[in-house]
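Q: Structure file query25.cif, mmCIF, C-alpha atoms and all ligand atoms, is pasted below:
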data_input
loop_
_atom_site.label_atom_id
_atom_site.label_comp_id
_atom_site.auth_asym_id
_atom_site.auth_seq_id
_atom_site.Cartn_x
_atom_site.Cartn_y
_atom_site.Cartn_z
CA MET A 295 -22.07 -0.47 26.01
CA THR A 296 -22.66 2.07 23.24
CA THR A 297 -20.23 3.20 20.57
CA ASP A 298 -20.31 6.66 22.21
CA ASP A 299 -18.94 5.20 25.45
CA LEU A 300 -16.21 3.41 23.55
CA LEU A 301 -15.31 6.58 21.67
CA ALA A 302 -14.94 8.51 24.92
CA ARG A 303 -12.79 5.75 26.41
CA HIS A 304 -10.73 5.58 23.20
CA ARG A 305 -10.08 9.33 23.36
CA ALA A 306 -9.19 9.14 27.03
CA VAL A 307 -6.55 6.47 26.65
CA LEU A 308 -5.24 6.45 23.04
CA PRO A 309 -3.17 9.18 21.39
CA SER A 310 -4.91 11.78 19.21
CA TRP A 311 -2.30 11.47 16.43
CA MET A 312 -3.82 8.07 15.62
CA PRO A 313 -6.93 9.34 13.82
CA LEU A 314 -10.35 7.73 13.56
CA TYR A 315 -12.46 7.80 10.40
CA TYR A 316 -15.90 9.51 10.27
CA ASP A 317 -17.77 12.21 12.21
CA GLU A 318 -19.30 9.31 14.11
CA PRO A 319 -16.60 6.61 14.31
CA ILE A 320 -17.71 3.00 14.05
CA GLU A 321 -16.69 -0.27 15.67
CA LEU A 322 -16.70 -3.30 13.38
CA VAL A 323 -17.98 -6.27 15.35
CA SER A 324 -18.39 -8.95 12.69
CA GLY A 325 -17.51 -9.64 9.10
CA SER A 326 -18.16 -12.13 6.33
CA GLY A 327 -16.91 -12.06 2.77
CA ARG A 328 -16.71 -8.41 1.74
CA ARG A 329 -19.21 -7.20 4.37
CA VAL A 330 -18.77 -5.94 7.90
CA THR A 331 -21.31 -5.08 10.58
CA ASP A 332 -20.88 -2.31 13.13
CA ALA A 333 -21.91 -2.23 16.78
CA GLN A 334 -25.21 -0.56 15.84
CA GLY A 335 -26.07 -3.48 13.56
CA ARG A 336 -25.46 -1.60 10.32
CA THR A 337 -23.86 -3.65 7.56
CA TYR A 338 -21.43 -2.16 5.04
CA LEU A 339 -19.82 -3.35 1.85
CA ASP A 340 -16.13 -2.89 2.54
CA PHE A 341 -14.10 -1.24 -0.24
CA PHE A 342 -11.12 -0.43 2.00
CA GLY A 343 -10.38 -3.72 3.81
CA GLY A 344 -8.67 -2.06 6.78
CA VAL A 345 -6.33 -0.22 4.37
CA LEU A 346 -5.97 -2.88 1.65
CA THR A 347 -5.13 -5.50 4.26
CA THR A 348 -8.19 -7.76 4.43
CA MET A 349 -7.17 -8.89 0.96
CA ILE A 350 -9.15 -12.14 0.75
CA GLY A 351 -12.15 -10.99 2.78
CA TYR A 352 -13.64 -11.65 6.22
CA ASP A 353 -14.06 -15.05 7.83
CA ILE A 354 -12.55 -17.08 5.01
CA PRO A 355 -12.75 -20.77 6.09
CA GLU A 356 -9.42 -21.79 4.48
CA ILE A 357 -7.54 -19.08 6.39
CA ARG A 358 -9.42 -19.57 9.65
CA GLU A 359 -8.81 -23.34 9.54
CA ALA A 360 -5.07 -22.90 8.81
CA VAL A 361 -4.72 -20.59 11.81
CA GLU A 362 -6.85 -22.83 14.02
CA ARG A 363 -4.69 -25.85 13.03
CA GLN A 364 -1.60 -23.95 14.14
CA LEU A 365 -3.28 -22.86 17.40
CA ARG A 366 -4.33 -26.43 18.10
CA SER A 367 -0.70 -27.56 17.82
CA GLY A 368 -0.09 -25.53 20.97
CA VAL A 369 2.80 -23.61 19.39
CA VAL A 370 1.74 -20.00 18.87
CA HIS A 371 5.31 -18.82 19.11
CA SER A 372 8.77 -20.34 19.01
CA SER A 373 11.05 -17.43 17.91
CA THR A 374 13.29 -17.77 14.89
CA LEU A 375 15.85 -19.59 17.04
CA TYR A 376 13.99 -22.75 16.05
CA LEU A 377 12.96 -24.05 12.64
CA ILE A 378 9.47 -22.86 11.63
CA ARG A 379 8.00 -25.05 8.89
CA GLN A 380 5.28 -22.52 7.93
CA GLN A 381 7.92 -19.79 7.62
CA VAL A 382 10.20 -21.83 5.36
CA GLU A 383 7.28 -22.83 3.13
CA LEU A 384 6.06 -19.26 2.79
CA ALA A 385 9.58 -17.97 2.11
CA GLU A 386 9.98 -20.56 -0.68
CA LYS A 387 6.73 -19.41 -2.29
CA ILE A 388 7.50 -15.68 -1.99
CA ALA A 389 11.08 -16.12 -3.24
CA GLN A 390 9.76 -17.91 -6.30
CA LEU A 391 6.93 -15.44 -6.94
CA SER A 392 9.12 -12.36 -6.44
CA GLY A 393 10.80 -12.68 -9.84
CA ILE A 394 14.10 -11.91 -8.10
CA PRO A 395 16.83 -14.45 -8.89
CA ASP A 396 18.45 -16.38 -6.00
CA ALA A 397 16.14 -14.65 -3.53
CA ARG A 398 16.17 -14.67 0.27
CA VAL A 399 13.25 -13.57 2.47
CA PHE A 400 13.28 -11.90 5.88
CA PHE A 401 9.95 -11.71 7.71
CA THR A 402 8.82 -8.80 9.88
CA ASN A 403 5.59 -7.72 11.59
CA SER A 404 4.82 -4.57 9.62
CA GLY A 405 5.51 -2.72 6.40
CA THR A 406 7.56 -0.20 8.34
CA GLU A 407 9.91 -2.90 9.60
CA ALA A 408 10.06 -4.44 6.12
CA ASN A 409 11.27 -1.14 4.66
CA GLU A 410 13.60 -0.64 7.61
CA ALA A 411 15.14 -4.06 6.85
CA ALA A 412 15.42 -3.24 3.12
CA LEU A 413 17.16 0.04 3.95
CA LEU A 414 19.43 -1.77 6.44
CA VAL A 415 20.67 -4.31 3.90
CA ALA A 416 20.93 -1.74 1.09
CA THR A 417 22.98 0.70 3.15
CA ASN A 418 25.25 -2.08 4.45
CA HIS A 419 25.69 -3.61 1.02
CA ARG A 420 26.60 -0.30 -0.56
CA ARG A 421 28.47 1.08 2.51
CA SER A 422 26.51 4.31 2.09
CA HIS A 423 23.56 5.91 3.88
CA GLN A 424 22.53 8.00 0.89
CA ILE A 425 19.07 7.12 -0.42
CA LEU A 426 16.91 8.43 -3.23
CA ALA A 427 13.20 8.67 -2.47
CA VAL A 428 10.15 9.96 -4.29
CA ARG A 429 8.01 12.97 -3.40
CA ASN A 430 4.50 12.15 -2.13
CA SER A 431 5.63 8.71 -0.93
CA TYR A 432 4.80 6.87 2.31
CA HIS A 433 7.01 4.06 3.62
CA GLY A 434 6.24 3.80 7.34
CA ARG A 435 6.64 5.28 10.79
CA SER A 436 10.17 4.40 12.01
CA TYR A 437 12.95 6.98 11.64
CA ALA A 438 14.37 5.54 8.41
CA ALA A 439 10.94 4.80 6.91
CA MET A 440 9.74 8.31 7.84
CA GLY A 441 13.00 9.63 6.47
CA VAL A 442 12.14 8.37 2.98
CA THR A 443 8.50 9.48 3.29
CA GLY A 444 7.73 12.49 1.11
CA ASN A 445 4.51 13.65 2.72
CA ARG A 446 4.49 16.35 5.41
CA GLY A 447 1.29 15.05 6.96
CA TRP A 448 2.94 11.70 7.74
CA SER A 449 6.37 13.00 8.73
CA ALA A 450 6.22 13.10 12.51
CA SER A 451 9.91 13.85 13.07
CA PRO A 452 12.77 15.41 11.12
CA LEU A 453 15.28 12.97 12.69
CA ASN A 454 16.68 10.78 9.94
CA PRO A 455 19.47 8.20 9.96
CA LEU A 456 19.68 8.48 6.17
CA GLN A 457 20.73 11.21 3.81
CA VAL A 458 17.85 11.50 1.38
CA ALA A 459 17.57 13.22 -2.00
CA TRP A 460 14.13 13.64 -3.56
CA LEU A 461 12.86 12.78 -7.02
CA HIS A 462 9.74 14.07 -8.76
CA SER A 463 6.91 11.55 -8.68
CA ALA A 464 5.88 12.01 -12.33
CA GLU A 465 2.23 12.32 -11.37
CA ARG A 466 -0.24 13.74 -13.85
CA LEU A 467 -2.13 16.42 -11.89
CA ARG A 468 0.46 18.44 -10.01
CA GLY A 469 4.15 19.19 -9.91
CA LEU A 470 6.70 20.27 -12.47
CA LEU A 471 6.26 17.22 -14.71
CA SER A 472 2.46 17.14 -14.72
CA ARG A 473 1.81 19.00 -17.95
CA LEU A 474 3.98 16.69 -20.04
CA SER A 475 2.94 13.66 -22.08
CA ALA A 476 3.78 10.24 -20.60
CA ASP A 477 6.93 9.84 -22.75
CA GLU A 478 8.06 13.37 -21.96
CA GLN A 479 7.45 12.71 -18.26
CA VAL A 480 9.71 9.65 -18.35
CA ASP A 481 12.46 11.64 -20.09
CA ALA A 482 12.07 14.53 -17.64
CA ALA A 483 12.09 12.18 -14.62
CA VAL A 484 15.32 10.57 -15.87
CA GLU A 485 16.83 14.04 -16.35
CA ASP A 486 15.69 14.89 -12.81
CA LEU A 487 17.36 11.72 -11.47
CA ARG A 488 20.64 12.54 -13.21
CA GLU A 489 20.53 16.11 -11.90
CA VAL A 490 19.72 14.99 -8.33
CA LEU A 491 22.60 12.48 -8.43
CA ALA A 492 24.98 15.16 -9.69
CA THR A 493 23.89 17.96 -7.37
CA GLN A 494 22.48 16.46 -4.17
CA THR A 495 24.58 13.37 -3.51
CA ALA A 496 28.20 12.45 -2.95
CA GLY A 497 27.90 9.89 -5.72
CA ASP A 498 27.94 6.61 -3.83
CA VAL A 499 24.17 6.33 -3.34
CA ALA A 500 22.88 3.09 -1.77
CA ALA A 501 19.38 2.75 -3.20
CA LEU A 502 16.26 4.28 -4.65
CA ILE A 503 13.01 3.34 -2.90
CA ALA A 504 9.66 3.77 -4.66
CA GLU A 505 6.05 2.61 -4.54
CA PRO A 506 4.71 1.50 -7.96
CA ILE A 507 1.44 3.22 -6.99
CA GLN A 508 1.71 5.66 -4.08
CA GLY A 509 -0.79 4.40 -1.50
CA VAL A 510 -1.11 7.10 1.15
CA GLY A 511 -0.25 9.58 -1.61
CA GLY A 512 -3.67 8.99 -3.20
CA PHE A 513 -2.93 6.15 -5.66
CA VAL A 514 -0.79 8.44 -7.79
CA HIS A 515 1.46 6.59 -10.18
CA PRO A 516 4.02 7.46 -12.85
CA PRO A 517 3.77 6.34 -16.48
CA ASP A 518 4.53 2.64 -17.06
CA GLY A 519 8.20 2.13 -17.87
CA LEU A 520 9.56 4.91 -15.67
CA PHE A 521 11.21 2.52 -13.20
CA ALA A 522 13.10 0.77 -16.03
CA ALA A 523 14.30 4.15 -17.34
CA TRP A 524 15.42 5.08 -13.82
CA LYS A 525 17.06 1.67 -13.30
CA LYS A 526 19.24 2.15 -16.40
CA VAL A 527 20.75 5.19 -14.72
CA LEU A 528 21.00 3.44 -11.33
CA ASP A 529 22.80 0.47 -12.91
CA GLU A 530 25.58 2.76 -14.19
CA THR A 531 26.87 3.02 -10.61
CA GLY A 532 25.31 -0.03 -8.95
CA ILE A 533 22.59 1.84 -7.03
CA LEU A 534 19.99 -0.65 -5.78
CA PHE A 535 16.29 -0.41 -6.55
CA ILE A 536 13.76 -1.15 -3.76
CA ALA A 537 10.11 -1.64 -4.78
CA ASP A 538 7.73 -1.00 -1.87
CA GLU A 539 4.88 -3.36 -2.79
CA VAL A 540 3.10 -3.04 0.56
CA GLN A 541 -0.09 -1.87 -1.19
CA THR A 542 0.48 -2.93 -4.80
CA GLY A 543 1.52 -6.57 -4.41
CA TRP A 544 -0.21 -9.94 -4.86
CA GLY A 545 -2.12 -9.12 -8.06
CA ARG A 546 -4.08 -6.15 -6.74
CA THR A 547 -3.29 -4.07 -9.82
CA GLY A 548 -4.95 -6.73 -12.00
CA GLU A 549 -2.55 -6.42 -14.89
CA HIS A 550 0.44 -7.81 -12.95
CA PHE A 551 1.25 -9.75 -9.79
CA TRP A 552 3.62 -6.99 -8.61
CA GLY A 553 3.32 -3.30 -9.35
CA TYR A 554 6.95 -3.16 -10.50
CA GLN A 555 6.11 -5.44 -13.45
CA ALA A 556 4.32 -2.56 -15.21
CA HIS A 557 7.76 -1.07 -15.67
CA GLY A 558 9.69 -3.94 -17.24
CA VAL A 559 12.24 -4.01 -14.47
CA THR A 560 13.23 -6.36 -11.62
CA PRO A 561 13.99 -4.75 -8.25
CA ASP A 562 16.95 -5.76 -6.12
CA LEU A 563 14.71 -5.69 -3.04
CA LEU A 564 10.92 -5.89 -2.68
CA THR A 565 8.98 -5.16 0.50
CA PHE A 566 5.56 -6.61 1.29
CA ALA A 567 3.03 -6.39 4.16
CA LYS A 568 -0.70 -5.71 4.57
CA GLY A 569 -2.60 -8.22 2.38
CA ILE A 570 -0.35 -11.27 2.77
CA GLY A 571 -1.57 -11.86 6.34
CA ASN A 572 -5.22 -10.92 5.58
CA GLY A 573 -5.11 -9.18 8.97
CA PHE A 574 -2.50 -11.26 10.78
CA ALA A 575 0.72 -9.31 11.39
CA LEU A 576 2.96 -10.44 8.54
CA ALA A 577 5.39 -8.51 6.36
CA GLY A 578 8.91 -8.78 5.03
CA VAL A 579 11.56 -8.10 2.46
CA VAL A 580 12.68 -10.35 -0.37
CA GLY A 581 15.87 -9.66 -2.27
CA ARG A 582 18.91 -10.95 -4.08
CA ALA A 583 20.97 -13.15 -1.75
CA GLU A 584 24.14 -11.11 -2.10
CA VAL A 585 22.22 -7.98 -0.98
CA LEU A 586 20.04 -9.55 1.69
CA GLU A 587 23.05 -11.27 3.26
CA SER A 588 24.70 -7.87 3.87
CA VAL A 589 24.05 -7.82 7.60
CA PRO A 590 27.26 -7.87 9.66
CA ALA A 591 25.62 -8.76 12.98
CA ILE A 592 22.69 -10.73 14.32
CA SER A 593 19.44 -9.05 13.32
CA PHE A 594 16.51 -10.80 14.91
CA SER A 595 12.76 -10.22 15.03
CA THR A 596 11.05 -11.95 17.94
CA PHE A 597 7.65 -12.15 16.27
CA GLY A 598 8.63 -11.80 12.58
CA GLY A 599 7.27 -14.71 10.56
CA ASN A 600 5.85 -16.46 13.62
CA PRO A 601 4.02 -19.79 13.19
CA VAL A 602 0.52 -18.28 13.36
CA SER A 603 1.07 -15.38 10.97
CA THR A 604 2.94 -17.55 8.46
CA ALA A 605 0.22 -20.22 8.68
CA ALA A 606 -2.18 -17.44 7.70
CA GLY A 607 0.21 -16.20 5.00
CA ASN A 608 0.48 -19.63 3.37
CA ALA A 609 -3.30 -20.02 3.38
CA VAL A 610 -3.74 -16.50 1.93
CA LEU A 611 -1.25 -17.09 -0.85
CA ASP A 612 -2.65 -20.52 -1.74
CA TYR A 613 -6.19 -19.11 -1.83
CA LEU A 614 -5.07 -16.17 -3.96
CA LEU A 615 -3.33 -18.39 -6.53
CA ASP A 616 -5.94 -21.19 -6.53
CA HIS A 617 -8.70 -18.66 -7.26
CA ASP A 618 -6.66 -16.50 -9.67
CA LEU A 619 -7.59 -13.37 -7.75
CA GLN A 620 -5.32 -11.26 -9.95
CA ALA A 621 -7.68 -11.97 -12.87
CA ASN A 622 -10.63 -11.16 -10.59
CA ALA A 623 -9.01 -7.84 -9.64
CA ALA A 624 -8.65 -7.00 -13.34
CA ARG A 625 -12.27 -7.98 -14.08
CA THR A 626 -14.02 -6.33 -11.14
CA GLY A 627 -11.62 -3.37 -11.17
CA ALA A 628 -12.61 -2.65 -14.78
CA ILE A 629 -16.30 -2.61 -13.81
CA LEU A 630 -15.52 -0.04 -11.13
CA ALA A 631 -13.10 2.09 -13.15
CA ASP A 632 -15.23 2.17 -16.31
CA GLY A 633 -18.42 2.82 -14.33
CA LEU A 634 -16.81 5.58 -12.28
CA ARG A 635 -15.26 7.31 -15.28
CA ALA A 636 -18.54 7.29 -17.20
CA ALA A 637 -20.55 8.48 -14.19
CA VAL A 638 -18.35 11.44 -13.26
CA ALA A 639 -17.30 12.57 -16.74
CA ASP A 640 -19.60 15.63 -16.53
CA LEU A 641 -18.48 16.65 -13.01
CA ASP A 642 -15.94 19.45 -12.98
CA CYS A 643 -15.19 18.85 -9.29
CA VAL A 644 -13.62 15.48 -10.12
CA ALA A 645 -10.13 15.98 -11.50
CA GLU A 646 -9.29 12.36 -12.09
CA VAL A 647 -10.35 8.74 -11.63
CA ARG A 648 -7.10 6.78 -11.51
CA GLY A 649 -5.45 3.57 -10.40
CA LYS A 650 -5.20 -0.01 -11.57
CA GLY A 651 -7.21 -3.16 -10.85
CA LEU A 652 -8.74 -2.98 -7.37
CA MET A 653 -6.72 0.06 -6.36
CA LEU A 654 -8.78 3.03 -7.55
CA ALA A 655 -9.00 6.67 -6.54
CA VAL A 656 -11.18 9.71 -7.20
CA GLU A 657 -9.59 13.14 -6.75
CA PHE A 658 -11.73 16.20 -5.93
CA VAL A 659 -10.83 19.78 -6.89
CA HIS A 660 -12.56 23.15 -6.85
CA PRO A 661 -14.42 23.29 -10.17
CA GLY A 662 -12.36 24.56 -13.07
CA THR A 663 -9.07 24.47 -11.10
CA ARG A 664 -6.52 21.98 -9.78
CA GLU A 665 -7.05 23.29 -6.23
CA PRO A 666 -7.68 20.33 -3.88
CA ASP A 667 -11.21 20.28 -2.40
CA ARG A 668 -10.92 18.49 0.90
CA ALA A 669 -14.37 19.47 2.18
CA ARG A 670 -16.14 17.95 -0.82
CA THR A 671 -14.05 14.79 -0.43
CA VAL A 672 -15.18 14.44 3.18
CA ARG A 673 -18.81 14.91 2.11
CA ALA A 674 -18.50 12.12 -0.49
CA PHE A 675 -16.69 9.94 2.06
CA GLU A 676 -19.44 10.37 4.68
CA ALA A 677 -22.14 9.87 2.02
CA CYS A 678 -20.56 6.52 1.07
CA LYS A 679 -20.82 5.42 4.69
CA ALA A 680 -24.43 6.59 4.90
CA GLY A 681 -25.13 4.55 1.76
CA GLY A 682 -23.52 1.44 3.27
CA LEU A 683 -20.05 1.54 1.71
CA LEU A 684 -16.68 1.88 3.47
CA VAL A 685 -13.98 3.60 1.43
CA GLY A 686 -10.68 5.31 2.33
CA LYS A 687 -9.39 8.86 2.12
CA GLY A 688 -5.92 10.05 1.23
CA GLY A 689 -3.67 12.11 -0.98
CA LEU A 690 -1.18 14.79 -0.01
CA TYR A 691 -4.08 17.25 0.44
CA GLY A 692 -6.70 14.83 1.79
CA ASN A 693 -8.80 15.29 -1.34
CA VAL A 694 -8.81 11.73 -2.67
CA LEU A 695 -11.23 8.84 -2.12
CA ARG A 696 -9.39 5.53 -2.12
CA MET A 697 -10.91 2.17 -2.95
CA GLY A 698 -9.01 -1.07 -2.25
CA PRO A 699 -11.62 -3.81 -1.77
CA PRO A 700 -10.77 -7.45 -1.05
CA LEU A 701 -9.54 -9.19 -4.23
CA THR A 702 -12.43 -11.66 -3.86
CA LEU A 703 -14.93 -8.92 -4.74
CA THR A 704 -17.72 -10.31 -6.93
CA GLU A 705 -19.03 -8.58 -10.04
CA ALA A 706 -22.39 -8.03 -8.31
CA GLU A 707 -20.64 -6.43 -5.32
CA ALA A 708 -18.56 -4.25 -7.65
CA ARG A 709 -21.78 -2.97 -9.26
CA GLU A 710 -23.49 -2.51 -5.90
CA GLY A 711 -20.54 -0.51 -4.54
CA LEU A 712 -20.27 1.48 -7.74
CA THR A 713 -23.89 2.64 -7.43
CA ILE A 714 -23.36 3.81 -3.83
CA LEU A 715 -20.08 5.49 -4.76
CA VAL A 716 -21.52 7.33 -7.75
CA ASP A 717 -24.56 8.50 -5.75
CA ALA A 718 -22.24 9.76 -2.99
CA ILE A 719 -19.97 11.60 -5.43
CA ARG A 720 -22.91 13.19 -7.25
CA ALA A 721 -24.52 14.25 -3.95
CA ALA A 722 -21.23 15.83 -2.85
CA ALA A 723 -20.87 17.51 -6.24
CA GLU A 724 -24.28 19.17 -5.95
CA VAL A 725 -23.32 21.13 -2.83
CA PRO A 726 -22.01 24.58 -3.90
CA ALA A 727 -18.31 25.14 -3.17
C1 LIG B 801 3.46 1.70 0.73
C2 LIG B 801 3.54 1.50 2.21
N1 LIG B 801 4.71 1.16 2.74
C3 LIG B 801 4.82 0.96 4.08
C4 LIG B 801 3.75 1.10 4.92
C5 LIG B 801 3.90 0.88 6.40
O1 LIG B 801 3.30 -0.31 6.76
P1 LIG B 801 2.87 -0.59 8.29
O2 LIG B 801 1.76 0.36 8.61
O3 LIG B 801 2.48 -2.04 8.28
O4 LIG B 801 4.09 -0.34 9.13
C6 LIG B 801 2.50 1.43 4.40
C7 LIG B 801 1.31 1.58 5.28
O5 LIG B 801 0.29 2.12 4.93
C8 LIG B 801 2.39 1.64 3.00
O6 LIG B 801 1.22 1.98 2.44
#
How does the structure come out when it is put into structure tokens?
Ligand SMILES: Cc1ncc(COP(=O)(O)O)c(C=O)c1O
A:
Amino acid sequence: MTTDDLLARHRAVLPSWMPLYYDEPIELVSGSGRRVTDAQGRTYLDFFGGVLTTMIGYDIPEIREAVERQLRSGVVHSSTLYLIRQQVELAEKIAQLSGIPDARVFFTNSGTEANEAALLVATNHRRSHQILAVRNSYHGRSYAAMGVTGNRGWSASPLNPLQVAWLHSAERLRGLLSRLSADEQVDAAVEDLREVLATQTAGDVAALIAEPIQGVGGFVHPPDGLFAAWKKVLDETGILFIADEVQTGWGRTGEHFWGYQAHGVTPDLLTFAKGIGNGFALAGVVGRAEVLESVPAISFSTFGGNPVSTAAGNAVLDYLLDHDLQANAARTGAILADGLRAAVADLDCVAEVRGKGLMLAVEFVHPGTREPDRARTVRAFEACKAGGLLVGKGGLYGNVLRMGPPLTLTEAEAREGLTILVDAIRAAAEVPA
């Protein structure tokens, strides 16, 4: 069967609001390390990892063997009504790594459910459904997670169980705070927070939820230290701080294990997903016991933290720590970031190369302006594929290339991908606007 047949069948039976990448979508049929092969036999270096989720890489023996061991036991599922050794072990590790004192962990199947659980415990703990969220954010596809998502393109319904007030994101390219220096941005964002609390809330706000680096938003991030400045204000009235680390966790940013650590602050709740399962459905929330225990009824996830996904999660985490992949993300990320910045410095269609570690983005604009150039972004995106490199797209205006390779990326692979990326960007830049 050809990919064309599969595409037609896909379109006939799956909803159109679940988009496919590329003019000619591809089916990945095998993978090894950082490379995948499509149904036509073309091999690609993968700099997107199924949206930052294949965090260790493809076909990693340690992870495969851990999952196979669990399968061989015959117990694929037991429900959380029974003790699950793999789940307890993983919770112990995550509680310890979280940096949150006296932590408890609740496992879910997706980042959406992790944020939903964080919002559940925060609103119960504070007896308030008022939440502060950040513009240009993405937190998931359930009503509450959509409700705190500040991106029109990902807001599929206005229905919202929460009352949400919006903060500026303190990004550098656009918005009211963008022309300020980093210190001025922090001051202005704190002023914004105080004003929002005074004018848009009834005072008893439950929590602020924020991504350290906005994933879907195009890897936009505020100046380091902003979260600590915000938290000072939140602490005045006991408002909780939720760090959504679904994309930024596990050392991806290179400089820290969690994105929140760039800010000198400890969150009350932290949500994780994507990379921890390396493709197996595994996510959750970790938080201070007194907050996480604020659930006045049974709250149960049939599949959350099941024996197979937590077997994978333990193997992923052990591999990550044993191989110090955070240091590798810093090292290989620097090769990419430095190489990209040097190679596009003369291009006036590239507004910014940004990000941290192995979470890097290139934003395209119409030359000489800050007007997003989506068409040129798509050209660079397709040219990467033609050159044998998979990358992601994103940003509020769809004008950002996103790179989030597996954290096992080698220096040679970083250089190989960089060459393809630079060629693709320069080819896209040559086409007149
Ligand atoms: C920061 C962030 N939070 C939450 C989610 C939702 O995760 P999931 O798609 O697993 O529900 C995503 C997904 O892209 C994300 O990037």
Q: Could you give me the residues within 9 Å of ligand LIG 801 (chain B), counting only C-alpha atoms and all ligand atoms, as a PDB file with C-alpha atoms, keeping the file's coordinate frame?
A:
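For reference, out00.pdb as written:
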ATOM      1  CA  VAL A 345      -6.330  -0.220   4.370  1.00  0.00           C
ATOM      2  CA  LEU A 346      -5.970  -2.880   1.650  1.00  0.00           C
ATOM      3  CA  ASN A 403       5.590  -7.720  11.590  1.00  0.00           C
ATOM      4  CA  SER A 404       4.820  -4.570   9.620  1.00  0.00           C
ATOM      5  CA  GLY A 405       5.510  -2.720   6.400  1.00  0.00           C
ATOM      6  CA  THR A 406       7.560  -0.200   8.340  1.00  0.00           C
ATOM      7  CA  GLU A 407       9.910  -2.900   9.600  1.00  0.00           C
ATOM      8  CA  ALA A 408      10.060  -4.440   6.120  1.00  0.00           C
ATOM      9  CA  ASN A 409      11.270  -1.140   4.660  1.00  0.00           C
ATOM     10  CA  SER A 431       5.630   8.710  -0.930  1.00  0.00           C
ATOM     11  CA  TYR A 432       4.800   6.870   2.310  1.00  0.00           C
ATOM     12  CA  HIS A 433       7.010   4.060   3.620  1.00  0.00           C
ATOM     13  CA  GLY A 434       6.240   3.800   7.340  1.00  0.00           C
ATOM     14  CA  ARG A 435       6.640   5.280  10.790  1.00  0.00           C
ATOM     15  CA  SER A 436      10.170   4.400  12.010  1.00  0.00           C
ATOM     16  CA  ALA A 439      10.940   4.800   6.910  1.00  0.00           C
ATOM     17  CA  ALA A 504       9.660   3.770  -4.660  1.00  0.00           C
ATOM     18  CA  GLU A 505       6.050   2.610  -4.540  1.00  0.00           C
ATOM     19  CA  PRO A 506       4.710   1.500  -7.960  1.00  0.00           C
ATOM     20  CA  ILE A 507       1.440   3.220  -6.990  1.00  0.00           C
ATOM     21  CA  GLN A 508       1.710   5.660  -4.080  1.00  0.00           C
ATOM     22  CA  GLY A 509      -0.790   4.400  -1.500  1.00  0.00           C
ATOM     23  CA  VAL A 510      -1.110   7.100   1.150  1.00  0.00           C
ATOM     24  CA  GLY A 511      -0.250   9.580  -1.610  1.00  0.00           C
ATOM     25  CA  ASP A 538       7.730  -1.000  -1.870  1.00  0.00           C
ATOM     26  CA  GLU A 539       4.880  -3.360  -2.790  1.00  0.00           C
ATOM     27  CA  VAL A 540       3.100  -3.040   0.560  1.00  0.00           C
ATOM     28  CA  GLN A 541      -0.090  -1.870  -1.190  1.00  0.00           C
ATOM     29  CA  THR A 542       0.480  -2.930  -4.800  1.00  0.00           C
ATOM     30  CA  THR A 565       8.980  -5.160   0.500  1.00  0.00           C
ATOM     31  CA  PHE A 566       5.560  -6.610   1.290  1.00  0.00           C
ATOM     32  CA  ALA A 567       3.030  -6.390   4.160  1.00  0.00           C
ATOM     33  CA  LYS A 568      -0.700  -5.710   4.570  1.00  0.00           C
ATOM     34  CA  ALA A 575       0.720  -9.310  11.390  1.00  0.00           C
ATOM     35  CA  LEU A 576       2.960 -10.440   8.540  1.00  0.00           C
ATOM     36  CA  ALA A 577       5.390  -8.510   6.360  1.00  0.00           C
TER      37      ALA A 577
END
Q: Hey, can you check how far atom CA of Leu634 of chain A sits from atom CA of Leu712 of chain A?
A: 7.0 Å
Q: May I have the residues at most 6 Å from (-14.9, -9.2, 5.8) in the file's coordinates, counting all atoms listed in the file, as a VMD selection string?
A: chain A and resid 325 to 330 351 to 352
Q: Kindly indicate which residue among A:Thr671, A:Thr713, A:Thr337, A:Gln381 lies nearest to Gly598 of chain A, using all atoms listed in the file for the distances.
A: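 Answer, going by the shortest atom-to-atom distance: A:Gln381.
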Q: Within 9 Å of (-14.6, 11.2, 0.0), only C-alpha atoms: residues as a compact mmCIF listing (two decimals) with C-alpha atoms, in the frame of the given file?
A:
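The result, stored in out01.txt:
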# COMPACT_ATOMS: atom_id res chain seq x y z
CA VAL A 656 -11.18 9.71 -7.20
CA GLU A 657 -9.59 13.14 -6.75
CA PHE A 658 -11.73 16.20 -5.93
CA ARG A 668 -10.92 18.49 0.90
CA ALA A 669 -14.37 19.47 2.18
CA ARG A 670 -16.14 17.95 -0.82
CA THR A 671 -14.05 14.79 -0.43
CA VAL A 672 -15.18 14.44 3.18
CA ARG A 673 -18.81 14.91 2.11
CA ALA A 674 -18.50 12.12 -0.49
CA PHE A 675 -16.69 9.94 2.06
CA GLU A 676 -19.44 10.37 4.68
CA ALA A 677 -22.14 9.87 2.02
CA CYS A 678 -20.56 6.52 1.07
CA VAL A 685 -13.98 3.60 1.43
CA GLY A 686 -10.68 5.31 2.33
CA LYS A 687 -9.39 8.86 2.12
CA GLY A 688 -5.92 10.05 1.23
CA GLY A 692 -6.70 14.83 1.79
CA ASN A 693 -8.80 15.29 -1.34
CA VAL A 694 -8.81 11.73 -2.67
CA LEU A 695 -11.23 8.84 -2.12
CA ARG A 696 -9.39 5.53 -2.12
CA ALA A 718 -22.24 9.76 -2.99
CA ILE A 719 -19.97 11.60 -5.43
CA ALA A 722 -21.23 15.83 -2.85
Q: Please, what distance in Å, to one decimal, runs between atom CA of Gly633 of chain A and atom CA of Val514 of chain A?
A: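 Atom CA of Gly633 of chain A sits 19.6 Å away from atom CA of Val514 of chain A.
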